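Report on the structure given below.
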Amino acid sequence: MLEINAGGMYYRDLNQKIRDAVNSGEKDITVRNVNGQYYIGDGLRGKSTITVEGVPGNDLAAFMDGPTLVIRANAQDNISNTMNTGKVVIHGNAGDVLGYGMRGGKLHILGDVGYRVGIHMKGVKKQAPTIIVGGTAGDFFGEYMAGGVLILLGLNNDGRPIVGDYLGTGMHGGVIYVRGEVDKNNCGAEVGILDVDDEDVKVLKESLTEYCKDMGLSLDEVMKKGFKKLIPVSLRPYGNLYAY
Amino acid sequence: MNHDYQKDISGCGLTGLISRKRRRIGGADIVKSLCLMTDRGNGLGAGYAAYGIYPEFKDFYAFHIMFDEPSVRWTLEEYLKNNYHIEKIEEIPTSPVKAIPIAPLLVRYFVTPLKDKMAGDIQEADFVVNTVMKVNSEIEGAYIFSSGKNMGAFKGVGNPRDIAEFFRIEEYEGWTWTAHTRFPTNTPGWWGGAHPFTLLDWSIVHNGEISSYGINKRYLEMFGYKLTLLTDTEVAAYMLDLLIRRQGLDIPSACLVLAAPFWKKIDSLPEGEREALTALRQTYGSALLNGPFSILFGHSKGLVGINDRIKLRPLVAATKDDVTYMASEESAIRAICPAPDKVWAPRAGDPVIVNLED
């Protein structure tokens, strides 16, 4: 177990320290007093677990390939960009553009997220990236989604809409599960809204068992409410967009 | 100018704070908050604006003027003396900073318009706006970059720390502060192009780019504004002056003009609201700011934060006791307020409006 005090440390110095520790075989790293340092966990390989105390800066876990990052606070924008394998657990809210082009691994968020979460998420070969959001999401959730799984729970949303407008716009692969009802007017033209079947419930239970364990939630409570499933159902719905 | 710099990918950064109770807060806080986001800019512009900093001259317009050449000063002062009572002239206090070897001459004037120069029923504020437009477009090498009462903008080419040290920001105390670190993309990085942009009491810091600049500029020119500062953000400052001061819109309505809801949303609203929003969009179509932006605008009565309709730039808000904070990153708020009462990300186009108590 290694502890790093990041208080007032420049991001390049902090990330060099983390990288050196991971390269020297350290499996359990706690970084204290983080505030705003960019690029934590970027491009990191291996199986280390890195716990972050404080709000990390933008571009967390980009291109990450293996490690587990646990954030014990809110997090900012652009998390898990093109991440390949590994896991990010955020015990707070997170910002915009999460999981952009994500290829694999898991992103678990306890609270609300901003706009464009899961944009261009894809998966590669047998890898299916998974993002689970405990709270609500803004507009463009799953925009241009090409693969993987997005799960939106809307726990404790105090009557706020669970998701914004332009849900799944441009979606052509992957699947979005929303715990609650979805308004067709808020979805992209190619999005079909279906009831979940037994196979979906199996997928949900498997993913959510791990999520609930990470967050200290009850799976039974989470599964009490029904889910809707969103998948792309139409081919080239914008084929005539610029043709007249 | 040296363009051979290496830089990570970044965008502008902004931060602001306001004490609703008009408690004057030293400049050290806003500097610390902005410096956390230094890497969002590239050293080609930073600046600060503060309200409540000139209590001893609060009834005078505080003109902050930059001169490319010292000789221009005499041309400007000739013009000023013919039109204004000048209570005080002083060079803006600066400290030598190694990273800022060259700076324009910076002078401030506390002034009030001469009554007999205001022809007809022209309002005092209009007279001041006309002066700013005339000086900035006609006196070559002189720029009035701040013209409000009991407030001031301080800005230049440099990173947030250097500009703060240069202008001795930590020596000022104000109840509202905004600040900006710049990453100029489409327009030059020069002293006048740094944020905040101001006119009268309006001050703007902006992250993003206003794609509708051409439409906005032509619209403003019809009302006598002259756009001289070579960058898009200038239109936002003048637009607020036009909409709120001259045409009497309240702040929520002005925000609905700048970041108008999409027709899809307007069409789904109940009749009264639909008609009101339709009228606003039809009347002020040319005042709509299109493109990505998050903006903080300060004024004599408060502070407003707003971003574009599809949230293409970041904005986080927080409150603690009598202070509201808004910034591009949550960590920039936590740098000066580690445990806020509340932190939230405002929705797209949904303004955060904070008014000062009387």
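Letters A, B, ... go to the chains of the structure tokens in the order shown; residues in each chain start at 1; ligands are counted from 1 in the same order.
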
Mind dumping a table of every chain B residue within 8 Å of chain A, with the nearest atom pair and its distance in Å to one decimal, using only C-alpha atoms, sorted by chain and rising number, as a Markdown table?
```
| residue | atom | partner | partner_atom | distance |
| --- | --- | --- | --- | --- |
| B:Leu36 | CA | A:Gly36 | CA | 7.2 |
| B:Ile310 | CA | A:Asp139 | CA | 7.5 |
| B:Lys311 | CA | A:Tyr115 | CA | 7.0 |
| B:Pro314 | CA | A:Asp96 | CA | 7.7 |
| B:Glu329 | CA | A:Gln76 | CA | 6.9 |
| B:Glu330 | CA | A:Gln76 | CA | 7.0 |
| B:Ser331 | CA | A:Gly36 | CA | 4.9 |
| B:Ala332 | CA | A:Gly36 | CA | 7.2 |
| B:Arg334 | CA | A:Asn35 | CA | 7.4 |
| B:Ala335 | CA | A:Asn35 | CA | 7.1 |
| B:Ala345 | CA | A:Gly114 | CA | 7.5 |
| B:Arg347 | CA | A:Gly138 | CA | 7.7 |
```

Could you write out that same residue set with C-alpha atoms as a PDB file, in the first residue's frame?
```pdb
ATOM      1  CA  LEU B  36      -5.905  26.047 -10.740  1.00  0.00           C
ATOM      2  CA  ILE B 310     -26.727  22.026 -25.851  1.00  0.00           C
ATOM      3  CA  LYS B 311     -24.029  22.368 -23.206  1.00  0.00           C
ATOM      4  CA  PRO B 314     -18.576  23.289 -18.996  1.00  0.00           C
ATOM      5  CA  GLU B 329     -14.291  23.088 -13.249  1.00  0.00           C
ATOM      6  CA  GLU B 330     -15.534  22.034  -9.833  1.00  0.00           C
ATOM      7  CA  SER B 331     -11.967  21.815  -8.580  1.00  0.00           C
ATOM      8  CA  ALA B 332     -11.480  25.542  -9.288  1.00  0.00           C
ATOM      9  CA  ARG B 334     -13.006  23.737  -4.273  1.00  0.00           C
ATOM     10  CA  ALA B 335      -9.564  25.355  -4.445  1.00  0.00           C
ATOM     11  CA  ALA B 345     -23.957  21.542 -12.945  1.00  0.00           C
ATOM     12  CA  ARG B 347     -28.473  22.566 -17.334  1.00  0.00           C
TER      13      ARG B 347
END
```

Out of region 4-233 of chain A, which residues get strand (DSSP E) from DSSP, as a ChimeraX atom specification? /A:4-5,28-35,49-55,65-71,85-90,106-109,130-133,146-152,173-179,191-195,227-232

Of the candidates B:Trp190, B:Phe223, B:Phe57, B:Tyr325, which shows the shortest atom-to-atom distance to Leu296 (chain B), using only C-alpha atoms?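 Closest to Leu296 (chain B) of all the choices is B:Tyr325.
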
Using only C-alpha atoms, determine which residues lie at most 12 Å from Lys224 (chain A), disregarding the query and same-chain residues fewer than 5 positions distant; provide the list as number ranges by chain. A: 153, 155, 179-180, 201, 205, 218-219

Need the shell around Asn83 (chain B): protein/DNA/RNA residues with any atom at most 9 Å away, counting only C-alpha atoms. Skip same-chain ones fewer than 2 positions apart. Format as a VMD selection string? chain B and resid 79 to 81 85 112 to 118

Expected file contents, prior selection, C-alpha atoms, as a PDB file, in the first residue's frame:
```pdb
ATOM      1  CA  TYR B  79     -10.642  64.548 -25.992  1.00  0.00           C
ATOM      2  CA  LEU B  80     -11.550  63.466 -22.469  1.00  0.00           C
ATOM      3  CA  LYS B  81     -11.005  66.911 -20.946  1.00  0.00           C
ATOM      4  CA  HIS B  85     -14.947  66.374 -15.518  1.00  0.00           C
ATOM      5  CA  THR B 112     -18.185  62.239 -15.014  1.00  0.00           C
ATOM      6  CA  PRO B 113     -19.665  63.648 -18.261  1.00  0.00           C
ATOM      7  CA  LEU B 114     -19.876  67.417 -18.586  1.00  0.00           C
ATOM      8  CA  LYS B 115     -23.553  68.353 -18.524  1.00  0.00           C
ATOM      9  CA  ASP B 116     -23.295  70.896 -21.322  1.00  0.00           C
ATOM     10  CA  LYS B 117     -21.756  68.308 -23.659  1.00  0.00           C
ATOM     11  CA  MET B 118     -24.767  66.003 -23.444  1.00  0.00           C
TER      12      MET B 118
END
```

Write out as a PyMOL selection string all residues of region 225-349 of chain B that backbone DSSP assigns to helix (DSSP H, G or I). chain B and resi 234-246+251-258+263-267+271-283+285-287+330-334

Determine, counting only C-alpha atoms, which protein, DNA and RNA residues have an atom within 7 Å of an atom of region 197-204 of chain B; residues of the same chain fewer than 2 positions away are not included. Present the result as number ranges by chain. B: 145-149, 195, 206, 234, 237-238, 295-300

If we count only C-alpha atoms and set the cut-off at 10 Å, which residues sit around Thr187 (chain B), ignoring sequence neighbours fewer than 4 positions away in its own chain? Please answer as a list in words.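 Near neighbours after the sequence-gap exclusion: Phe183, Gly193, Leu229, Leu230, Thr231 and Asp232 of chain B.
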
Requested write-out: N, CA and C atoms of the selected residues, as a JSON list (two decimals), in the first residue's frame:
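Written file, part-v3.json:
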```json
[["chain", "number", "residue", "atom", "x", "y", "z"],
["B", 183, "PHE", "N", -7.34, 30.77, -24.23],
["B", 183, "PHE", "CA", -6.68, 29.95, -25.25],
["B", 183, "PHE", "C", -7.24, 30.41, -26.58],
["B", 193, "GLY", "N", -7.64, 41.92, -26.44],
["B", 193, "GLY", "CA", -8.45, 40.73, -26.70],
["B", 193, "GLY", "C", -8.58, 39.81, -25.52],
["B", 229, "LEU", "N", -12.56, 45.06, -31.10],
["B", 229, "LEU", "CA", -11.57, 44.34, -30.30],
["B", 229, "LEU", "C", -11.14, 43.00, -30.92],
["B", 230, "LEU", "N", -11.54, 42.77, -32.17],
["B", 230, "LEU", "CA", -11.04, 41.64, -32.95],
["B", 230, "LEU", "C", -11.39, 40.28, -32.38],
["B", 231, "THR", "N", -12.43, 40.18, -31.57],
["B", 231, "THR", "CA", -12.79, 38.85, -31.08],
["B", 231, "THR", "C", -14.27, 38.76, -30.76],
["B", 232, "ASP", "N", -14.77, 37.51, -30.76],
["B", 232, "ASP", "CA", -16.21, 37.28, -30.73],
["B", 232, "ASP", "C", -16.90, 37.70, -29.43]]
```

Quick one: residues within 6 Å of Lys320 (chain B), only C-alpha atoms counted, chain neighbours fewer than 2 positions away excluded, as a PyMOL selection string? chain B and resi 323+340-341

CA of Leu280 (chain B) to CA of Lys265 (chain B), distance in Å rounded to a single decimal: 14.0 Å

Correct to one decimal, the distance CA of Ser207 (chain A)-CA of Ala146 (chain A) is 19.1 Å

Between B:His64, B:Lys88, B:His180, B:Arg274, smallest distance to Thr38 (chain B) by only C-alpha atoms belongs to B:His180

Rank A:Thr136, A:Tyr166, A:Thr68, A:Glu199 by their smallest atom-to-atom distance to Val178 (chain A), using only C-alpha atoms, and report the top residue only.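 Smallest separation from Val178 (chain A) among the options: A:Thr136.
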